[in-house]
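Colleague: Structure file work-v5.cif (mmCIF, C-alpha atoms) is given on the next line.
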```cif
data_data
#
loop_
_atom_site.label_atom_id
_atom_site.label_comp_id
_atom_site.auth_asym_id
_atom_site.auth_seq_id
_atom_site.Cartn_x
_atom_site.Cartn_y
_atom_site.Cartn_z
CA ARG A 1137 0.00 0.00 0.00
CA THR A 1138 1.36 3.43 -0.91
CA THR A 1139 0.40 6.88 0.30
CA THR A 1140 2.79 9.45 -1.11
CA GLY A 1141 4.64 7.17 -3.46
CA ALA A 1142 6.66 5.43 -0.75
CA ARG A 1143 6.00 1.74 -0.04
CA TRP A 1144 4.95 0.97 3.53
CA THR A 1145 7.12 -1.77 5.02
CA PRO A 1146 5.88 -3.52 8.15
CA PRO A 1147 8.39 -3.74 11.00
CA PRO A 1148 10.17 -7.09 11.48
CA ALA A 1149 8.45 -9.68 13.64
CA GLU A 1150 11.37 -9.60 16.07
CA ALA A 1151 10.79 -5.89 16.69
CA HIS A 1152 7.15 -6.67 17.52
CA ARG A 1153 8.20 -9.35 19.96
CA ALA A 1154 10.79 -7.09 21.59
CA ARG A 1155 8.20 -4.34 22.09
CA GLY A 1156 5.80 -6.90 23.51
CA ARG A 1157 8.38 -8.09 26.02
CA MET A 1158 9.14 -4.50 26.98
CA ARG A 1159 5.44 -3.80 27.58
CA VAL A 1160 5.14 -6.89 29.78
CA LEU A 1161 8.24 -5.97 31.83
CA THR A 1162 7.03 -2.39 32.21
CA ALA A 1163 3.62 -3.56 33.40
CA VAL A 1164 5.19 -5.89 35.97
CA ALA A 1165 7.52 -3.11 37.17
CA MET A 1166 4.54 -0.79 37.64
CA MET A 1167 2.70 -3.49 39.62
CA LEU A 1168 5.71 -4.01 41.86
CA ALA A 1169 6.01 -0.26 42.41
CA ALA A 1170 2.33 -0.11 43.32
CA ALA A 1171 2.81 -2.98 45.79
CA ALA A 1172 5.70 -1.30 47.62
CA PRO A 1173 3.47 0.81 49.93
CA VAL A 1174 1.55 -2.36 50.85
CA VAL A 1175 4.78 -4.14 51.79
CA ARG A 1176 5.89 -1.17 53.90
CA ALA A 1177 2.48 -0.93 55.59
CA PHE A 1178 2.60 -4.64 56.41
CA SER A 1179 6.10 -4.33 57.85
CA ARG A 1180 4.99 -1.39 59.99
CA ALA A 1181 2.01 -3.35 61.25
CA ALA A 1182 4.23 -6.34 62.05
CA ALA A 1183 6.52 -4.03 64.04
CA GLY A 1184 3.60 -2.51 65.92
CA ALA A 1185 3.91 0.89 64.22
CA PRO A 1186 0.93 2.76 62.76
CA SER A 1187 0.00 1.95 59.15
CA TRP A 1188 -0.53 5.12 57.14
CA GLY A 1189 -2.84 5.58 54.21
CA ALA A 1190 -1.87 6.75 50.75
CA ALA A 1191 -1.67 10.32 51.97
CA GLY A 1192 1.08 9.39 54.44
CA PRO A 1193 1.25 10.30 58.13
CA ARG A 1194 -0.75 13.31 59.23
CA ARG A 1195 1.46 16.14 60.36
CA LEU A 1196 0.85 17.11 64.00
CA THR A 1197 2.05 20.50 65.14
CA ALA A 1198 3.29 21.05 68.68
CA LYS A 1199 0.13 23.05 69.44
CA LYS A 1200 -2.15 20.26 68.21
CA VAL A 1201 -0.24 17.66 70.19
CA ALA A 1202 -0.47 19.79 73.34
CA GLU A 1203 -4.23 20.07 72.88
CA GLN A 1204 -4.66 16.30 72.72
CA PRO A 1205 -5.33 14.22 75.86
CA VAL A 1206 -2.22 12.40 77.08
CA ASP A 1207 -3.76 9.01 76.32
CA SER A 1208 -5.28 9.98 72.97
CA PRO A 1209 -4.27 8.06 69.81
CA GLN A 1210 -2.88 11.28 68.29
CA ALA A 1211 -0.64 11.90 71.29
CA ARG A 1212 0.62 8.31 71.27
CA VAL A 1213 1.32 8.47 67.53
CA ALA A 1214 3.15 11.79 67.89
CA ALA A 1215 5.25 10.39 70.75
CA MET A 1216 6.05 7.28 68.72
CA MET A 1217 7.05 9.32 65.66
CA ALA A 1218 9.26 11.61 67.75
CA ALA A 1219 10.94 8.61 69.37
CA GLN A 1220 11.49 6.90 66.01
CA GLN A 1221 12.92 10.06 64.44
CA GLN A 1222 15.29 10.55 67.37
CA ALA A 1223 16.30 6.90 67.19
CA ALA A 1224 16.93 7.21 63.45
CA LYS A 1225 19.27 10.17 64.03
CA GLU A 1226 21.11 8.37 66.81
CA ASN A 1227 21.41 5.19 64.78
CA GLU A 1228 22.75 7.07 61.77
CA ALA A 1229 25.38 8.73 63.96
CA ALA A 1230 26.21 5.37 65.53
CA ALA A 1231 26.65 3.79 62.10
CA GLY A 1232 29.27 6.39 61.25
CA ALA A 1233 31.02 6.15 64.62
CA THR A 1234 31.00 2.39 65.20
CA GLY A 1235 30.41 -0.11 62.42
CA TRP A 1236 27.87 -0.03 59.61
CA LYS A 1237 27.07 -3.16 57.63
CA VAL A 1238 26.22 -1.52 54.30
CA ASN A 1239 26.89 1.95 52.92
CA LEU A 1240 23.88 2.91 50.80
CA LEU A 1241 24.55 5.47 48.05
CA TYR A 1242 21.36 7.38 47.29
CA ASP A 1243 20.22 10.38 45.26
CA SER A 1244 18.60 12.98 47.55
CA ASP A 1245 17.21 14.87 44.55
CA CYS A 1246 14.99 11.89 43.68
CA VAL A 1247 11.62 12.28 45.42
CA LEU A 1248 10.64 8.62 45.12
CA CYS A 1249 14.09 7.47 46.22
CA MET A 1250 13.87 9.64 49.32
CA LYS A 1251 10.61 7.98 50.37
CA GLU A 1252 12.47 4.67 50.42
CA VAL A 1253 15.44 6.19 52.26
CA GLU A 1254 13.15 7.67 54.91
CA PHE A 1255 11.51 4.29 55.38
CA LEU A 1256 14.90 2.58 55.76
CA ARG A 1257 16.08 5.18 58.26
CA MET A 1258 13.01 4.66 60.40
CA ARG A 1259 13.46 0.88 60.33
CA ASP A 1260 17.22 0.87 60.92
CA GLN A 1261 17.20 0.41 64.68
CA GLN A 1262 20.78 -0.91 64.90
CA GLY A 1263 22.55 1.74 62.84
CA ALA A 1264 23.59 -0.93 60.34
CA ILE A 1265 23.07 1.28 57.30
CA LYS A 1266 25.27 4.21 56.42
CA PHE A 1267 23.45 6.68 54.17
CA THR A 1268 25.63 8.55 51.67
CA ASP A 1269 24.09 11.21 49.43
CA ILE A 1270 25.75 11.14 46.01
CA ALA A 1271 23.92 14.36 45.05
CA SER A 1272 25.87 16.28 47.70
CA LEU A 1273 28.65 18.44 46.29
CA ASP A 1274 30.86 16.97 49.04
CA TYR A 1275 30.42 13.44 47.71
CA ASP A 1276 33.82 11.75 47.28
CA PRO A 1277 33.99 8.56 45.17
CA ALA A 1278 37.31 7.62 46.81
CA GLU A 1279 35.50 7.21 50.15
CA ASN A 1280 32.66 5.20 48.62
CA GLY A 1281 34.11 2.28 46.75
CA GLY A 1282 35.22 4.38 43.79
CA VAL A 1283 31.62 4.79 42.58
CA GLU A 1284 31.57 7.92 40.43
CA PHE A 1285 28.59 10.28 40.48
CA ASP A 1286 27.35 9.37 37.00
CA VAL A 1287 27.66 5.63 37.72
CA GLY A 1288 25.71 5.99 40.96
CA MET A 1289 23.04 7.97 39.14
CA ARG A 1290 22.49 5.26 36.54
CA ARG A 1291 22.01 2.42 39.04
CA ILE A 1292 21.74 2.17 42.79
CA HIS A 1293 25.00 1.14 44.50
CA ALA A 1294 26.15 0.24 47.98
CA VAL A 1295 29.52 -0.52 49.55
CA LEU A 1296 30.14 -3.30 52.06
CA PRO A 1297 32.64 -2.97 54.95
CA ASP A 1298 35.24 -5.02 53.05
CA GLY A 1299 35.11 -2.54 50.17
CA LYS A 1300 33.01 -4.71 47.86
CA VAL A 1301 30.63 -2.70 45.68
CA ILE A 1302 27.17 -4.11 44.98
CA GLU A 1303 24.43 -2.73 42.76
CA GLY A 1304 20.86 -3.20 41.60
CA VAL A 1305 18.55 -5.61 43.41
CA ASP A 1306 21.49 -6.92 45.44
CA VAL A 1307 21.53 -3.55 47.24
CA PHE A 1308 17.88 -3.81 48.25
CA ARG A 1309 18.38 -7.40 49.42
CA HIS A 1310 21.26 -6.36 51.69
CA VAL A 1311 19.59 -3.32 53.25
CA TYR A 1312 16.28 -5.12 53.80
CA GLU A 1313 18.10 -7.93 55.55
CA GLU A 1314 19.68 -5.36 57.87
CA ILE A 1315 16.30 -3.93 58.87
CA GLY A 1316 14.72 -7.32 59.51
CA LEU A 1317 12.75 -7.55 56.27
CA GLY A 1318 14.99 -9.94 54.38
CA TRP A 1319 11.98 -12.02 53.35
CA VAL A 1320 10.88 -9.26 50.95
CA TYR A 1321 13.80 -9.94 48.59
CA ALA A 1322 14.66 -13.49 49.69
CA ALA A 1323 13.36 -14.98 46.43
CA THR A 1324 15.88 -12.93 44.42
CA LYS A 1325 18.64 -15.21 45.74
CA VAL A 1326 17.39 -17.76 43.22
CA PRO A 1327 19.40 -16.97 40.05
CA ALA A 1328 16.42 -16.96 37.67
CA VAL A 1329 14.31 -14.80 39.97
CA GLY A 1330 17.24 -12.48 40.64
CA ALA A 1331 17.87 -12.02 36.92
CA PHE A 1332 14.20 -11.22 36.33
CA ALA A 1333 14.11 -8.77 39.24
CA ASN A 1334 17.22 -7.02 37.94
CA ALA A 1335 15.64 -6.77 34.48
CA LEU A 1336 12.65 -5.02 36.05
CA TYR A 1337 14.91 -2.75 38.08
CA ASP A 1338 16.89 -1.84 34.96
CA ILE A 1339 13.68 -0.58 33.35
CA TRP A 1340 13.05 1.66 36.36
CA ALA A 1341 16.67 2.83 36.52
CA GLU A 1342 16.74 3.69 32.84
CA ASN A 1343 13.57 5.79 33.11
CA ARG A 1344 13.93 7.09 36.70
CA LEU A 1345 14.87 10.65 35.79
CA ARG A 1346 12.12 10.97 33.20
CA ILE A 1347 9.49 9.44 35.51
CA THR A 1348 10.38 11.85 38.31
CA GLY A 1349 10.33 14.86 35.97
CA ARG A 1350 14.05 15.60 36.01
CA PRO A 1351 16.47 16.52 33.21
CA GLU A 1352 18.56 13.94 31.39
CA LEU A 1353 21.73 12.75 33.14
CA ALA A 1354 23.95 14.76 30.78
CA GLU A 1355 22.21 17.97 31.86
CA ILE A 1356 22.43 17.01 35.53
CA MET A 1357 26.15 16.33 35.10
CA LYS A 1358 26.58 19.75 33.47
CA GLN A 1359 24.73 21.50 36.31
CA ARG A 1360 26.83 19.64 38.88
CA ARG A 1361 30.10 20.66 37.18
CA GLU A 1362 28.99 24.28 37.13
CA ALA A 1363 28.01 24.13 40.80
CA LEU A 1364 31.37 22.59 41.73
CA GLU A 1365 33.26 25.21 39.75
CA GLU A 1366 31.28 27.98 41.44
CA LEU A 1367 31.95 26.45 44.84
CA LYS A 1368 35.64 26.16 44.06
CA ALA A 1369 35.73 29.80 42.93
CA GLN A 1370 34.10 30.91 46.19
CA ASP A 1371 36.59 28.91 48.23
CA CYS A 1372 39.42 30.40 46.21
CA THR A 1373 38.39 34.05 46.64
CA ASP A 1374 40.32 34.76 49.81
CA THR A 1375 43.50 32.85 48.90
CA CYS A 1376 43.55 33.95 45.29
CA ASP A 1377 43.35 37.63 46.21
CA VAL A 1378 46.40 37.31 48.41
CA GLY A 1379 48.64 36.72 45.42
CA ASP A 1380 47.49 39.95 43.82
CA LEU A 1381 48.54 42.12 46.73
#
```
Translate this structure into structure tokens?

Modeller:
Amino acid sequence: RTTTGARWTPPPAEAHRARGRMRVLTAVAMMLAAAAPVVRAFSRAAAGAPSWGAAGPRRLTAKKVAEQPVDSPQARVAAMMAAQQQAAKENEAAAGATGWKVNLLYDSDCVLCMKEVEFLRMRDQQGAIKFTDIASLDYDPAENGGVEFDVGMRRIHAVLPDGKVIEGVDVFRHVYEEIGLGWVYAATKVPAVGAFANALYDIWAENRLRITGRPELAEIMKQRREALEELKAQDCTDTCDVGDL
């Protein structure tokens, strides 16, 4: 069939099959992402913590808390949240001062990633996880297994105490084991299941910036270089002027 004189050629069958596989993997990845809040809610319920709805925990101001009866559910929830937040800060400090089990490299500019990080911080009662923000301008690859910024942005990475660098689903399996939820990713220890889970994760990792409404990695890298150069120029101001005197 022709339209403007050019013959229409159907795409190869293999291209159709590849697109079909991609649609299936994408659908499964979306289902897993949708199930994540359920898993977290179940883990909170198992630990005796309150299970929040889709809107997340309700924010209680100091005034509202003071107005609540001492034995009211709101007061108990506020006290529990305050205790958990304080424990999370203490555990994070302890992980840096004593001995962490896994150093998680995360992107603080990723909204969805930060929801997971906040959940892990709340669950990390032993200070086993060290949280390192690769988006920070102070991030030093030499102190984090040699993982460069662009590499850490493409896939999630973590560093073990012996210096071994892990990535992808292996990272989630390690950190969830440290917070007592190893069963969530236990099945990924089976090679076939692990390979499938990593394939799903790769789809998310490849599209993470676009899904979260951020620029392409090349643009982020450019902005980071400019910010580092500006920071270096500010640090240099005092010392550089001395040579001109």

Colleague: Env of region 1352-1369 of chain A: 10 Å cut, atoms = only C-alpha atoms, seq-sep filter 6 positions within chain, self excluded. Answer as an mmCIF file with C-alpha atoms, in the coordinates of the input.

Modeller:
```cif
data_model
loop_
_atom_site.group_PDB
_atom_site.id
_atom_site.type_symbol
_atom_site.label_atom_id
_atom_site.label_comp_id
_atom_site.auth_asym_id
_atom_site.auth_seq_id
_atom_site.Cartn_x
_atom_site.Cartn_y
_atom_site.Cartn_z
ATOM 1 C CA ALA A 1271 23.920 14.360 45.050
ATOM 2 C CA SER A 1272 25.870 16.280 47.700
ATOM 3 C CA LEU A 1273 28.650 18.440 46.290
ATOM 4 C CA ASP A 1274 30.860 16.970 49.040
ATOM 5 C CA PHE A 1285 28.590 10.280 40.480
ATOM 6 C CA ASP A 1286 27.350 9.370 37.000
ATOM 7 C CA MET A 1289 23.040 7.970 39.140
ATOM 8 C CA ARG A 1290 22.490 5.260 36.540
ATOM 9 C CA ASN A 1343 13.570 5.790 33.110
ATOM 10 C CA ARG A 1344 13.930 7.090 36.700
ATOM 11 C CA LEU A 1345 14.870 10.650 35.790
ATOM 12 C CA ARG A 1346 12.120 10.970 33.200
ATOM 13 C CA CYS A 1376 43.550 33.950 45.290
#
```

Colleague: Taking 2 positions as the minimum chain separation for residues in the same chain, which residues sit within 9 Å of Asp1306 (chain A) when counting all atoms listed in the file? Answer as a CSV table (one decimal) with C-alpha atoms, in the frame of the given file.

Modeller:
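After the write, result_31.csv holds the following:
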```
chain,number,residue,atom,x,y,z
A,1293,HIS,CA,25.0,1.1,44.5
A,1294,ALA,CA,26.2,0.2,48.0
A,1302,ILE,CA,27.2,-4.1,45.0
A,1303,GLU,CA,24.4,-2.7,42.8
A,1304,GLY,CA,20.9,-3.2,41.6
A,1308,PHE,CA,17.9,-3.8,48.2
A,1309,ARG,CA,18.4,-7.4,49.4
A,1310,HIS,CA,21.3,-6.4,51.7
A,1311,VAL,CA,19.6,-3.3,53.2
A,1321,TYR,CA,13.8,-9.9,48.6
A,1324,THR,CA,15.9,-12.9,44.4
A,1325,LYS,CA,18.6,-15.2,45.7
A,1330,GLY,CA,17.2,-12.5,40.6
A,1334,ASN,CA,17.2,-7.0,37.9
```

Colleague: What is the distance, in Å and to one decimal place, between CA of Ile1339 (chain A) and CA of Met1250 (chain A)?

Modeller: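 Result for CA of Ile1339 (chain A) versus CA of Met1250 (chain A): 19.0 Å, one decimal.
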
Colleague: Take CA of Trp1319 (chain A) and CA of Asp1245 (chain A) and report the distance between them in Å, one decimal.

Modeller: 28.8 Å

Colleague: Around (17.0, -1.2, 59.0) in the file's frame, which residues reach within 9 Å when counting only C-alpha atoms? Return as an NGL selection string?

Modeller: :A and (1255-1265 or 1311-1317)

Colleague: Kindly save the residues from that selection, with C-alpha atoms included, as a PDB file, in the coordinates of the input.

Modeller:
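Now in result.pdb:
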```pdb
ATOM      1  CA  PHE A1255      11.510   4.290  55.380  1.00  0.00           C
ATOM      2  CA  LEU A1256      14.900   2.580  55.760  1.00  0.00           C
ATOM      3  CA  ARG A1257      16.080   5.180  58.260  1.00  0.00           C
ATOM      4  CA  MET A1258      13.010   4.660  60.400  1.00  0.00           C
ATOM      5  CA  ARG A1259      13.460   0.880  60.330  1.00  0.00           C
ATOM      6  CA  ASP A1260      17.220   0.870  60.920  1.00  0.00           C
ATOM      7  CA  GLN A1261      17.200   0.410  64.680  1.00  0.00           C
ATOM      8  CA  GLN A1262      20.780  -0.910  64.900  1.00  0.00           C
ATOM      9  CA  GLY A1263      22.550   1.740  62.840  1.00  0.00           C
ATOM     10  CA  ALA A1264      23.590  -0.930  60.340  1.00  0.00           C
ATOM     11  CA  ILE A1265      23.070   1.280  57.300  1.00  0.00           C
ATOM     12  CA  VAL A1311      19.590  -3.320  53.250  1.00  0.00           C
ATOM     13  CA  TYR A1312      16.280  -5.120  53.800  1.00  0.00           C
ATOM     14  CA  GLU A1313      18.100  -7.930  55.550  1.00  0.00           C
ATOM     15  CA  GLU A1314      19.680  -5.360  57.870  1.00  0.00           C
ATOM     16  CA  ILE A1315      16.300  -3.930  58.870  1.00  0.00           C
ATOM     17  CA  GLY A1316      14.720  -7.320  59.510  1.00  0.00           C
ATOM     18  CA  LEU A1317      12.750  -7.550  56.270  1.00  0.00           C
TER      19      LEU A1317
END
```

Colleague: For CA of Val1287 (chain A) and CA of Leu1248 (chain A), quote the distance in Å rounded to one decimal.

Modeller: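 Separation of CA of Val1287 (chain A) and CA of Leu1248 (chain A): 18.8 Å.
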